[in-house]
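A.B. asks: Right, I'll just put the structure down here and ask away after.
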Amino acid sequence: MNHFETLNKININDKVEKKNGLKYLSWAFAWAEVKKIYPDAFYIIKRFNGLPYVFDPKTGYMVFTEVAIEGHTHEMWLPVMDGANKAMKDEPYKYTTKYGEKTCEAADMFDINKTIMRCLVKNLAMFGLGLYIYAGEDLPEDEEQKPIEPAGKRTITAEVLARGQQIDALIKKHNMTREDYAGIVSATKAKSPADMTADEFSEHLKIVQQRVEAAK
């Protein structure tokens with residue numbers, strides 16, 4: 001069994017916390033699980049001119065990590081965001097939603113440090129640990145568990161991950177929050193994007209966009 005299969009089978013549900021509709025895994029737990037199985041694993045926080053982040057006045061802050069396990073290396077990146085998933089900058093700024101005007105506060109080193117450790121967790125997910133969280137699943141892949149679908153156990157593919165990125169981009173484009181998106185999903189009784197066919201997912205994105213534009 002390779003490292004991805006080993007880590008992807010670990011059930012981390014009892015270690016996951018929820019905040020503002022999103023799921024979070026403790027970086028300390030994630031790193032401990034990896035080191036117990038792969039003691040030689042290590043991670044690097046990328047630095048730019050001595051700073052652990054990249055900053056652009058228009059787009060905000062971005063942090064990067066790199067993890068190596070048994071000769072395999074994956075890099076990950078994550079923007080510094082507030083509780084509403086808005087990109088934080090070096091000064092507060094206002095933005096408008098269908099619920100009115102809101103403020104995104106300026107980022108400080110606490111926000112950057114927190115994002116770096118979240119980035120590490122996401123980085124570890126690329127090796128399989130907790131990857132199902134990012135695909136909207138409730139359980140890890142495990143041959144000993146009952147299949148969630150009649151056809152057999154699910155496979156988390158690059159396509160499923162890409163769908164999550166498309167949804168994130170749509171949320172950001174329309175100044176939405178995760179709660180806004182969840183409300184549209186509930187109202188349209190849409191199933192999980194991971195369960196949709198390519199045509200269904202394409203139609204889902206169109207419906208979400210139509211709903212957002214109609215609400216403006």
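Numbering starts fresh at 1 for the residues of each chain in the structure tokens, the chains themselves are lettered A, B, ... in the order given, and ligands are numbered from 1 as they appear.
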Excluding Ala215 in chain A and its own-chain neighbours fewer than 2 positions away, which residues fall within 10 Å of it when counting only C-alpha atoms? Please give them as a list in words.
C.D. replies: Thr97, Lys98, Tyr99, Gln209, Gln210, Arg211, Val212 and Glu213 of chain A
A.B. asks: For the helix (DSSP H, G or I) assignment from backbone DSSP, which residues of chain A qualify? Please present them as a PyMOL selection string.
C.D. replies: chain A and resi 3-8+13-15+27-37+109-125+131-134+158-173+178-188+193-195+198-215
A.B. asks: As a PyMOL selection string, please: every residue in range 41-173 of chain A that DSSP puts in strand (DSSP E or B).
C.D. replies: chain A and resi 42-45+48+51+54-56+60-69+72-79+81+87+93-97+100-104+149+152
A.B. asks: Could you make a table, as JSON lines, of the residues of range 39-130 of chain A that have an atom within 12 Å of an atom of range 176-199 of chain A, each with its nearest atom pair and distance in Å to one decimal, counting only C-alpha atoms, in chain and number order?
C.D. replies:
```
{"residue": "A:Met81", "atom": "CA", "partner": "A:Thr177", "partner_atom": "CA", "distance": 11.6}
{"residue": "A:Asp82", "atom": "CA", "partner": "A:Thr177", "partner_atom": "CA", "distance": 10.7}
{"residue": "A:Gly83", "atom": "CA", "partner": "A:Thr177", "partner_atom": "CA", "distance": 9.1}
{"residue": "A:Ala84", "atom": "CA", "partner": "A:Thr177", "partner_atom": "CA", "distance": 5.6}
{"residue": "A:Asn85", "atom": "CA", "partner": "A:Thr177", "partner_atom": "CA", "distance": 6.6}
{"residue": "A:Lys86", "atom": "CA", "partner": "A:Thr177", "partner_atom": "CA", "distance": 8.2}
{"residue": "A:Ala87", "atom": "CA", "partner": "A:Thr177", "partner_atom": "CA", "distance": 11.8}
{"residue": "A:Tyr95", "atom": "CA", "partner": "A:Met176", "partner_atom": "CA", "distance": 10.2}
{"residue": "A:Thr96", "atom": "CA", "partner": "A:Met176", "partner_atom": "CA", "distance": 9.3}
{"residue": "A:Thr97", "atom": "CA", "partner": "A:Met176", "partner_atom": "CA", "distance": 6.8}
{"residue": "A:Lys98", "atom": "CA", "partner": "A:Met176", "partner_atom": "CA", "distance": 8.6}
{"residue": "A:Tyr99", "atom": "CA", "partner": "A:Asp180", "partner_atom": "CA", "distance": 9.8}
{"residue": "A:Gly100", "atom": "CA", "partner": "A:Met176", "partner_atom": "CA", "distance": 11.5}
{"residue": "A:Glu101", "atom": "CA", "partner": "A:Met176", "partner_atom": "CA", "distance": 12.0}
{"residue": "A:Lys102", "atom": "CA", "partner": "A:Met176", "partner_atom": "CA", "distance": 11.3}
```
A.B. asks: Could you take the residues named above and write them with C-alpha atoms, as a compact mmCIF listing (two decimals), in the first residue's frame?
C.D. replies:
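Once written, out_2.txt looks like this:
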```
# COMPACT_ATOMS: atom_id res chain seq x y z
CA MET A 81 -8.81 35.11 4.35
CA ASP A 82 -11.23 36.34 6.99
CA GLY A 83 -14.19 34.39 8.40
CA ALA A 84 -16.26 35.20 5.32
CA ASN A 85 -13.54 33.87 3.00
CA LYS A 86 -12.63 37.33 1.76
CA ALA A 87 -8.98 37.98 0.86
CA TYR A 95 -17.43 45.16 -0.09
CA THR A 96 -21.09 44.77 -0.94
CA THR A 97 -23.23 41.65 -0.76
CA LYS A 98 -26.94 41.17 -1.18
CA TYR A 99 -27.12 41.47 2.61
CA GLY A 100 -25.52 44.89 2.63
CA GLU A 101 -22.07 46.39 3.03
CA LYS A 102 -19.44 44.48 4.97
```
A.B. asks: If we count only C-alpha atoms and set the cut-off at 12 Å, which residues sit around Asp111 in chain A, ignoring sequence neighbours fewer than 2 positions away in its own chain? Please answer as a list in words.
C.D. replies: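 Once the adjacent positions are removed, what remains is Tyr53, Tyr61, Met62, Val63, Leu78, Pro79, Val80, Met81, Asp82, Gly83, Ala87, Met88, Lys89, Asp90, Glu105, Ala106, Ala107, Asp108, Met109, Asn113, Lys114, Thr115, Ile116, Met117 and Arg118 of chain A.
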A.B. asks: Pull N, CA and C atoms from the residues just selected and write them as a compact mmCIF listing (two decimals), in the first residue's frame.
C.D. replies:
```txt
# COMPACT_ATOMS: atom_id res chain seq x y z
N TYR A 53 5.37 34.90 3.18
CA TYR A 53 4.18 35.18 2.39
C TYR A 53 4.54 36.04 1.18
N TYR A 61 -2.68 38.63 0.50
CA TYR A 61 -1.56 37.79 0.91
C TYR A 61 -1.76 36.33 0.46
N MET A 62 -0.64 35.67 0.16
CA MET A 62 -0.66 34.25 -0.18
C MET A 62 0.51 33.57 0.52
N VAL A 63 0.25 32.40 1.12
CA VAL A 63 1.33 31.65 1.76
C VAL A 63 1.50 30.32 1.04
N LEU A 78 -2.24 29.02 -0.16
CA LEU A 78 -3.53 29.40 0.43
C LEU A 78 -3.54 30.90 0.68
N PRO A 79 -4.59 31.59 0.25
CA PRO A 79 -4.68 33.02 0.52
C PRO A 79 -5.07 33.26 1.97
N VAL A 80 -4.65 34.39 2.52
CA VAL A 80 -5.04 34.77 3.88
C VAL A 80 -6.44 35.35 3.79
N MET A 81 -7.41 34.71 4.46
CA MET A 81 -8.81 35.11 4.35
C MET A 81 -9.43 35.34 5.72
N ASP A 82 -10.50 36.13 5.74
CA ASP A 82 -11.23 36.34 6.99
C ASP A 82 -12.30 35.27 7.14
N GLY A 83 -13.17 35.41 8.14
CA GLY A 83 -14.19 34.39 8.40
C GLY A 83 -15.21 34.24 7.30
N ALA A 87 -10.43 37.79 0.81
CA ALA A 87 -8.98 37.98 0.86
C ALA A 87 -8.63 39.19 1.71
N MET A 88 -7.79 38.98 2.71
CA MET A 88 -7.38 40.07 3.59
C MET A 88 -6.18 40.81 2.99
N LYS A 89 -6.15 42.14 3.17
CA LYS A 89 -5.07 42.95 2.63
C LYS A 89 -4.38 43.68 3.78
N ASP A 90 -3.54 44.67 3.44
CA ASP A 90 -2.82 45.36 4.50
C ASP A 90 -3.62 46.51 5.11
N GLU A 105 -11.34 43.12 7.49
CA GLU A 105 -10.29 43.76 8.28
C GLU A 105 -8.91 43.49 7.68
N ALA A 106 -7.95 44.32 8.05
CA ALA A 106 -6.57 44.13 7.59
C ALA A 106 -5.97 42.88 8.23
N ALA A 107 -5.09 42.23 7.51
CA ALA A 107 -4.44 41.03 8.04
C ALA A 107 -3.29 41.42 8.97
N ASP A 108 -3.06 40.58 9.98
CA ASP A 108 -1.89 40.77 10.84
C ASP A 108 -1.13 39.45 10.88
N MET A 109 -0.05 39.40 11.65
CA MET A 109 0.78 38.19 11.66
C MET A 109 0.05 36.99 12.23
N ASN A 113 0.01 33.54 10.27
CA ASN A 113 0.47 32.30 10.91
C ASN A 113 -0.62 31.23 10.86
N LYS A 114 -1.85 31.65 11.14
CA LYS A 114 -2.98 30.71 11.11
C LYS A 114 -3.16 30.13 9.71
N THR A 115 -3.01 30.96 8.71
CA THR A 115 -3.17 30.51 7.33
C THR A 115 -2.06 29.55 6.91
N ILE A 116 -0.86 29.81 7.37
CA ILE A 116 0.27 28.91 7.06
C ILE A 116 -0.03 27.50 7.57
N MET A 117 -0.53 27.39 8.79
CA MET A 117 -0.80 26.07 9.35
C MET A 117 -2.00 25.41 8.67
N ARG A 118 -2.97 26.22 8.24
CA ARG A 118 -4.09 25.67 7.46
C ARG A 118 -3.59 25.18 6.10
```
